[in-house]
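With compact mmCIF, C-alpha atoms inside, this is input28.txt:
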# COMPACT_ATOMS: atom_id res chain seq x y z
CA LYS A 742 -35.51 25.71 -2.11
CA ALA A 743 -31.94 25.40 -3.29
CA GLY A 744 -30.01 22.40 -2.07
CA VAL A 745 -26.49 22.19 -0.73
CA THR A 746 -24.08 23.76 -3.18
CA GLN A 747 -20.47 22.70 -3.40
CA THR A 748 -17.83 24.43 -5.48
CA PRO A 749 -15.91 23.61 -7.50
CA ARG A 750 -17.27 20.30 -8.78
CA TYR A 751 -13.90 19.12 -10.01
CA LEU A 752 -10.33 19.97 -9.06
CA ILE A 753 -6.97 18.73 -10.21
CA LYS A 754 -3.94 19.43 -8.06
CA THR A 755 -0.41 18.12 -7.68
CA ARG A 756 1.28 16.69 -4.63
CA GLY A 757 2.40 19.27 -2.11
CA GLN A 758 -0.16 21.89 -3.10
CA GLN A 759 -3.05 22.99 -0.96
CA VAL A 760 -6.73 23.26 -1.82
CA THR A 761 -9.85 24.96 -0.47
CA LEU A 762 -13.33 23.56 -1.05
CA SER A 763 -16.51 25.52 -0.47
CA CYS A 764 -19.98 24.54 0.73
CA SER A 765 -23.15 26.61 0.91
CA PRO A 766 -25.81 24.89 3.04
CA ILE A 767 -29.54 24.90 2.49
CA SER A 768 -31.01 28.23 3.53
CA GLY A 769 -31.77 28.16 7.24
CA HIS A 770 -29.49 25.21 7.96
CA ARG A 771 -26.87 25.99 10.56
CA SER A 772 -24.94 22.75 10.82
CA VAL A 773 -22.43 21.65 8.18
CA SER A 774 -20.53 18.38 8.06
CA TRP A 775 -17.84 17.16 5.68
CA TYR A 776 -17.19 13.60 4.50
CA GLN A 777 -14.53 11.99 2.33
CA GLN A 778 -15.55 9.21 -0.07
CA THR A 779 -12.96 6.88 -1.61
CA PRO A 780 -13.28 3.43 -3.21
CA GLY A 781 -10.99 1.93 -0.58
CA GLN A 782 -12.17 3.56 2.64
CA GLY A 783 -15.76 4.37 1.74
CA LEU A 784 -17.49 7.31 3.39
CA GLN A 785 -15.62 8.79 6.32
CA PHE A 786 -16.54 11.69 8.55
CA LEU A 787 -14.15 14.64 8.54
CA PHE A 788 -15.71 17.30 10.78
CA GLU A 789 -18.88 19.09 11.80
CA TYR A 790 -19.49 22.78 12.35
CA PHE A 791 -22.29 24.64 14.06
CA SER A 792 -22.39 28.35 14.85
CA GLU A 793 -18.86 28.78 13.51
CA THR A 794 -17.52 26.22 16.00
CA GLN A 795 -16.13 22.80 15.24
CA ARG A 796 -18.30 20.37 17.19
CA ASN A 797 -16.86 17.07 16.14
CA LYS A 798 -13.81 15.82 14.28
CA GLY A 799 -13.02 12.58 12.54
CA ASN A 800 -9.77 10.68 12.46
CA PHE A 801 -7.88 12.66 9.86
CA PRO A 802 -4.45 14.31 10.04
CA GLY A 803 -4.07 17.99 10.84
CA ARG A 804 -3.56 18.75 7.15
CA PHE A 805 -7.34 18.67 6.93
CA SER A 806 -9.00 21.72 8.42
CA GLY A 807 -12.21 23.62 8.07
CA ARG A 808 -14.15 26.62 9.17
CA GLN A 809 -17.65 28.00 9.14
CA PHE A 810 -18.69 31.57 8.56
CA SER A 811 -21.45 33.58 10.20
CA ASN A 812 -23.77 32.88 7.26
CA SER A 813 -23.25 29.13 7.84
CA ARG A 814 -21.21 28.68 4.68
CA SER A 815 -18.24 26.42 5.22
CA GLU A 816 -14.86 25.78 3.70
CA MET A 817 -12.45 22.92 4.13
CA ASN A 818 -8.76 23.13 3.42
CA VAL A 819 -6.26 20.40 2.73
CA SER A 820 -2.60 21.33 2.82
CA THR A 821 0.43 19.47 1.50
CA LEU A 822 -1.69 17.28 -0.73
CA GLU A 823 -0.88 13.59 -1.05
CA LEU A 824 -1.93 11.12 -3.71
CA GLY A 825 -4.19 9.43 -1.18
CA ASP A 826 -6.22 12.61 -0.80
CA SER A 827 -7.82 11.95 -4.18
CA ALA A 828 -11.49 11.53 -3.32
CA LEU A 829 -14.99 12.85 -3.56
CA TYR A 830 -15.51 15.37 -0.76
CA LEU A 831 -19.12 15.70 0.32
CA CYS A 832 -20.69 18.44 2.36
CA ALA A 833 -23.95 17.94 4.24
CA SER A 834 -26.15 20.42 6.06
CA SER A 835 -28.86 20.07 8.68
CA LEU A 836 -31.11 22.47 10.54
CA GLY A 837 -29.26 22.22 13.83
CA ILE A 838 -27.12 20.00 15.94
CA GLY A 839 -28.51 16.71 17.10
CA SER A 840 -28.02 13.23 15.73
CA ASN A 841 -31.70 12.94 14.84
CA GLN A 842 -31.37 15.75 12.30
CA PRO A 843 -31.33 14.33 8.77
CA GLN A 844 -28.37 15.54 6.76
CA HIS A 845 -28.76 16.79 3.20
CA PHE A 846 -25.82 16.30 0.91
CA GLY A 847 -24.39 18.28 -1.96
CA ASP A 848 -23.09 16.69 -5.15
CA GLY A 849 -19.52 16.90 -3.91
CA THR A 850 -16.17 18.11 -5.12
CA ARG A 851 -14.08 15.52 -6.90
CA LEU A 852 -10.43 16.14 -6.08
CA SER A 853 -7.75 14.45 -8.15
CA ILE A 854 -4.10 14.59 -7.11
CA LEU A 855 -1.46 14.05 -9.79
CA ALA B 277 -17.69 2.57 18.77
CA GLN B 278 -20.51 1.96 16.36
CA SER B 279 -20.26 0.12 13.05
CA VAL B 280 -22.48 -0.73 10.11
CA THR B 281 -22.30 -3.86 7.98
CA GLN B 282 -23.79 -4.20 4.53
CA LEU B 283 -23.01 -7.79 3.63
CA ASP B 284 -24.03 -7.55 -0.01
CA SER B 285 -21.71 -5.44 -2.13
CA GLN B 286 -23.83 -6.02 -5.22
CA VAL B 287 -27.44 -7.09 -5.72
CA PRO B 288 -28.61 -7.85 -9.27
CA VAL B 289 -32.37 -7.94 -9.79
CA PHE B 290 -34.82 -7.90 -12.68
CA GLU B 291 -37.18 -5.00 -13.17
CA GLU B 292 -40.50 -5.34 -11.30
CA ALA B 293 -39.02 -7.92 -8.92
CA PRO B 294 -38.87 -7.29 -5.16
CA VAL B 295 -35.57 -6.50 -3.48
CA GLU B 296 -34.12 -6.44 0.01
CA LEU B 297 -30.84 -4.75 0.88
CA ARG B 298 -29.45 -5.88 4.20
CA CYS B 299 -27.99 -3.70 6.93
CA ASN B 300 -26.79 -4.68 10.38
CA TYR B 301 -25.32 -2.36 12.96
CA SER B 302 -23.34 -2.64 16.15
CA SER B 303 -23.46 -0.11 18.97
CA SER B 304 -23.34 -0.11 22.76
CA VAL B 305 -25.82 2.79 22.91
CA SER B 306 -29.01 3.71 21.12
CA VAL B 307 -28.74 4.79 17.51
CA TYR B 308 -30.71 6.49 14.82
CA LEU B 309 -30.73 4.75 11.44
CA PHE B 310 -30.73 6.10 7.90
CA TRP B 311 -30.68 4.86 4.33
CA TYR B 312 -29.17 7.01 1.59
CA VAL B 313 -29.00 6.49 -2.17
CA GLN B 314 -26.23 7.73 -4.46
CA TYR B 315 -26.71 8.00 -8.20
CA PRO B 316 -23.64 8.30 -10.47
CA ASN B 317 -21.81 11.61 -10.16
CA GLN B 318 -24.16 12.81 -7.46
CA GLY B 319 -24.20 13.21 -3.70
CA LEU B 320 -26.27 11.22 -1.24
CA GLN B 321 -30.04 11.50 -1.10
CA LEU B 322 -31.93 10.56 2.05
CA LEU B 323 -34.36 7.69 1.43
CA LEU B 324 -35.71 7.21 4.93
CA LYS B 325 -34.85 7.37 8.59
CA TYR B 326 -35.73 5.63 11.84
CA LEU B 327 -35.67 7.80 14.94
CA SER B 328 -38.31 6.22 17.18
CA GLY B 329 -41.84 4.88 17.15
CA SER B 330 -43.11 2.44 14.55
CA THR B 331 -40.41 0.05 13.47
CA LEU B 332 -41.66 0.04 9.87
CA VAL B 333 -40.53 3.20 8.14
CA LYS B 334 -41.69 4.33 4.73
CA GLY B 335 -39.51 6.51 2.56
CA ILE B 336 -39.36 8.05 -0.87
CA ASN B 337 -39.58 6.21 -4.20
CA GLY B 338 -41.57 3.34 -2.70
CA PHE B 339 -38.84 2.13 -0.35
CA GLU B 340 -39.43 1.00 3.21
CA ALA B 341 -37.27 -0.37 6.01
CA GLU B 342 -37.88 -2.24 9.21
CA PHE B 343 -35.95 -1.66 12.41
CA ASN B 344 -35.32 -4.86 14.36
CA LYS B 345 -33.66 -4.09 17.67
CA SER B 346 -33.11 -7.71 18.72
CA GLN B 347 -31.34 -8.51 15.48
CA THR B 348 -29.73 -5.05 15.23
CA SER B 349 -30.89 -4.82 11.64
CA PHE B 350 -32.43 -2.19 9.40
CA HIS B 351 -33.10 -3.88 6.06
CA LEU B 352 -34.33 -1.86 3.08
CA ARG B 353 -37.07 -3.25 0.87
CA LYS B 354 -38.98 -2.39 -2.26
CA PRO B 355 -41.79 -4.60 -3.60
CA SER B 356 -41.16 -3.80 -7.28
CA VAL B 357 -37.99 -2.15 -8.58
CA HIS B 358 -37.49 -0.02 -11.68
CA ILE B 359 -34.50 0.51 -13.91
CA SER B 360 -34.18 3.97 -12.39
CA ASP B 361 -33.49 2.42 -8.96
CA THR B 362 -30.04 1.34 -10.18
CA ALA B 363 -27.69 3.10 -7.77
CA GLU B 364 -25.49 2.67 -4.69
CA TYR B 365 -27.34 2.39 -1.38
CA PHE B 366 -25.79 3.24 1.96
CA CYS B 367 -26.99 2.39 5.43
CA ALA B 368 -25.83 4.76 8.18
CA VAL B 369 -26.19 5.33 11.91
CA THR B 370 -25.70 8.14 14.36
CA LEU B 371 -25.47 7.78 18.11
CA THR B 372 -28.37 9.37 19.97
CA GLY B 373 -27.21 12.72 21.29
CA THR B 374 -25.88 15.93 19.88
CA ALA B 375 -23.23 14.67 17.48
CA SER B 376 -24.43 14.44 13.89
CA LYS B 377 -21.58 12.22 12.72
CA LEU B 378 -22.88 9.56 10.35
CA THR B 379 -21.16 6.17 10.31
CA PHE B 380 -21.75 4.51 6.96
CA GLY B 381 -21.73 0.96 5.72
CA THR B 382 -19.67 0.08 2.66
CA GLY B 383 -22.65 0.35 0.35
CA THR B 384 -24.68 -2.02 -1.82
CA ARG B 385 -24.77 -1.60 -5.56
CA LEU B 386 -28.31 -2.33 -6.80
CA GLN B 387 -28.29 -3.26 -10.48
CA VAL B 388 -31.72 -3.48 -12.07
CA THR B 389 -31.99 -5.09 -15.50
CA LEU B 390 -34.80 -5.84 -17.92
Once more with this new file: its structure as structure tokens, please.
Amino acid sequence: KAGVTQTPRYLIKTRGQQVTLSCSPISGHRSVSWYQQTPGQGLQFLFEYFSETQRNKGNFPGRFSGRQFSNSRSEMNVSTLELGDSALYLCASSLGIGSNQPQHFGDGTRLSIL
Amino acid sequence: AQSVTQLDSQVPVFEEAPVELRCNYSSSVSVYLFWYVQYPNQGLQLLLKYLSGSTLVKGINGFEAEFNKSQTSFHLRKPSVHISDTAEYFCAVTLTGTASKLTFGTGTRLQVTL
């Protein structure tokens, strides 16, 4: 069974640009969550989607947005990029909603802002 | 709000020695507990989880953890480590309910040497 797939693996952007990251969950998984990982702040929750609806949102500015499609695939978008947005962005999927559902992570997209 | 503390940022250990990685949490409501491992340039892999029942939980790769409610701890142990266990280990919690948001500790770098 294929795992969580994130594309692209690496991205280089400049300040002010916008970027879209993609995540394909494990087949049959309907919940997708996004996390940001940085050396300074560690792993922080961005948002969670289930059935194309955002269920939960972390403490990030409105420049960070996401969506989920009917096939459970998800994208996140960051607009007006800042240097501090340089991070590893991780996507995780689980079968359904519920905090007892273990989340399975992809290998992430490493975003570098110049 | 819940929080997770991993007091040890780095733990050096010789191969075949036992190891314990410490994790303490704080929450006003019940939580579920998880340990994840991250190898270089990869995402997070679930090692084990505590949802309910027996407080001693066995996971993959020979790891186990014990939930101690009175001490609000969930320490990870392995009786004999291998070089291949060198990685970053993260303890995480979710609040019981429908939100899947994981709150992570800052991680412990396990360095296994010969």
What are the closest atom pairs, with distances in Å to one decimal, for each residue of chain B lying within 9 Å of chain A, using only C-alpha atoms, rows by chain and rising residue number, as a Markdown table?
| residue | atom | partner | partner_atom | distance |
| --- | --- | --- | --- | --- |
| B:Val307 | CA | A:Ser840 | CA | 8.7 |
| B:Tyr308 | CA | A:Asn841 | CA | 6.5 |
| B:Leu309 | CA | A:Asn841 | CA | 8.9 |
| B:Phe310 | CA | A:Pro843 | CA | 8.3 |
| B:Asn317 | CA | A:Asp848 | CA | 7.2 |
| B:Gln318 | CA | A:Asp848 | CA | 4.6 |
| B:Gly319 | CA | A:Asp848 | CA | 3.9 |
| B:Leu320 | CA | A:Phe846 | CA | 5.5 |
| B:Gln321 | CA | A:Phe846 | CA | 6.7 |
| B:Leu322 | CA | A:His845 | CA | 7.1 |
| B:Lys325 | CA | A:Pro843 | CA | 7.8 |
| B:Tyr326 | CA | A:Asn841 | CA | 8.9 |
| B:Leu327 | CA | A:Asn841 | CA | 6.5 |
| B:Val369 | CA | A:Ser840 | CA | 9.0 |
| B:Thr370 | CA | A:Ser840 | CA | 5.8 |
| B:Leu371 | CA | A:Ser840 | CA | 6.5 |
| B:Thr372 | CA | A:Ser840 | CA | 5.7 |
| B:Gly373 | CA | A:Ser840 | CA | 5.6 |
| B:Thr374 | CA | A:Gly839 | CA | 3.9 |
| B:Ala375 | CA | A:Ser840 | CA | 5.3 |
| B:Ser376 | CA | A:Ser840 | CA | 4.2 |
| B:Lys377 | CA | A:Phe786 | CA | 6.6 |
| B:Leu378 | CA | A:Phe786 | CA | 6.9 |
| B:Thr379 | CA | A:Gln785 | CA | 7.3 |
| B:Phe380 | CA | A:Leu784 | CA | 6.2 |
| B:Gly381 | CA | A:Gly783 | CA | 7.9 |
| B:Thr382 | CA | A:Gly783 | CA | 5.9 |
| B:Gly383 | CA | A:Gly783 | CA | 8.1 |
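When all atoms listed in the file are used to measure the gap to B:Gln282, the shortest distance among B:Leu323, B:Cys367, B:Leu352, B:Leu386 belongs to B:Cys367.
With all atoms listed in the file as the atoms that count, the residue of B:Leu332, B:Val289, B:Cys299, B:Leu324 with the shortest distance to B:Asp361 is B:Val289.
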Report as an mmCIF file with C-alpha atoms, in the frame of the given file all protein, DNA and RNA residues lying within 6 Å of B:Glu340, evaluated on all atoms listed in the file, omitting residues in the same chain fewer than 6 positions from it.
data_model
loop_
_atom_site.group_PDB
_atom_site.id
_atom_site.type_symbol
_atom_site.label_atom_id
_atom_site.label_comp_id
_atom_site.auth_asym_id
_atom_site.auth_seq_id
_atom_site.Cartn_x
_atom_site.Cartn_y
_atom_site.Cartn_z
ATOM 1 C CA VAL B 333 -40.530 3.200 8.140
ATOM 2 C CA LYS B 334 -41.690 4.330 4.730
ATOM 3 C CA LEU B 352 -34.330 -1.860 3.080
ATOM 4 C CA ARG B 353 -37.070 -3.250 0.870
#
key: Shortest interatomic distance to A:Ser765 - which of A:Thr821, A:Glu793, A:Gln777, A:Thr748, counting all atoms listed in the file   = A:Thr748
Non-local contacts of A:Glu816 (8 Å; only C-alpha atoms; under 6 positions in same chain excluded) as a PyMOL selection string = chain A and resi 761-764+807-809
remark   = The residue from B:Val287, B:Ile359, B:Val305, B:Val388 with the smallest atom-to-atom distance to B:Lys345, counting all atoms listed in the file, is B:Val305
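For the pair atom CA of A:Ile767 and atom CA of A:Leu836, the interatomic distance is 8.6 Å.
All residues that come within 6 Å of the coordinates (-20.9, 0.2, 11.1), counting only C-alpha atoms, are given as Gln278, Ser279, Val280, Thr281, Tyr301 and Gly381 of chain B.
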request  = Quick one: everything within 10 Å of B:Asn344, counting only C-alpha atoms, minus sequence neighbours fewer than 6 positions away in the same chain. Send it as a ChimeraX atom specification.
outcome  = /B:300,331-332,350-351
remark   = B:Glu291 proximity check over B:Ser306, B:Thr362, B:Thr384, B:Thr348, using all atoms listed in the file: winner is B:Thr362
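For the atom pair formed by atom CA of B:Phe343 and atom CA of B:Ser330, the distance is 8.5 Å, given to one decimal.
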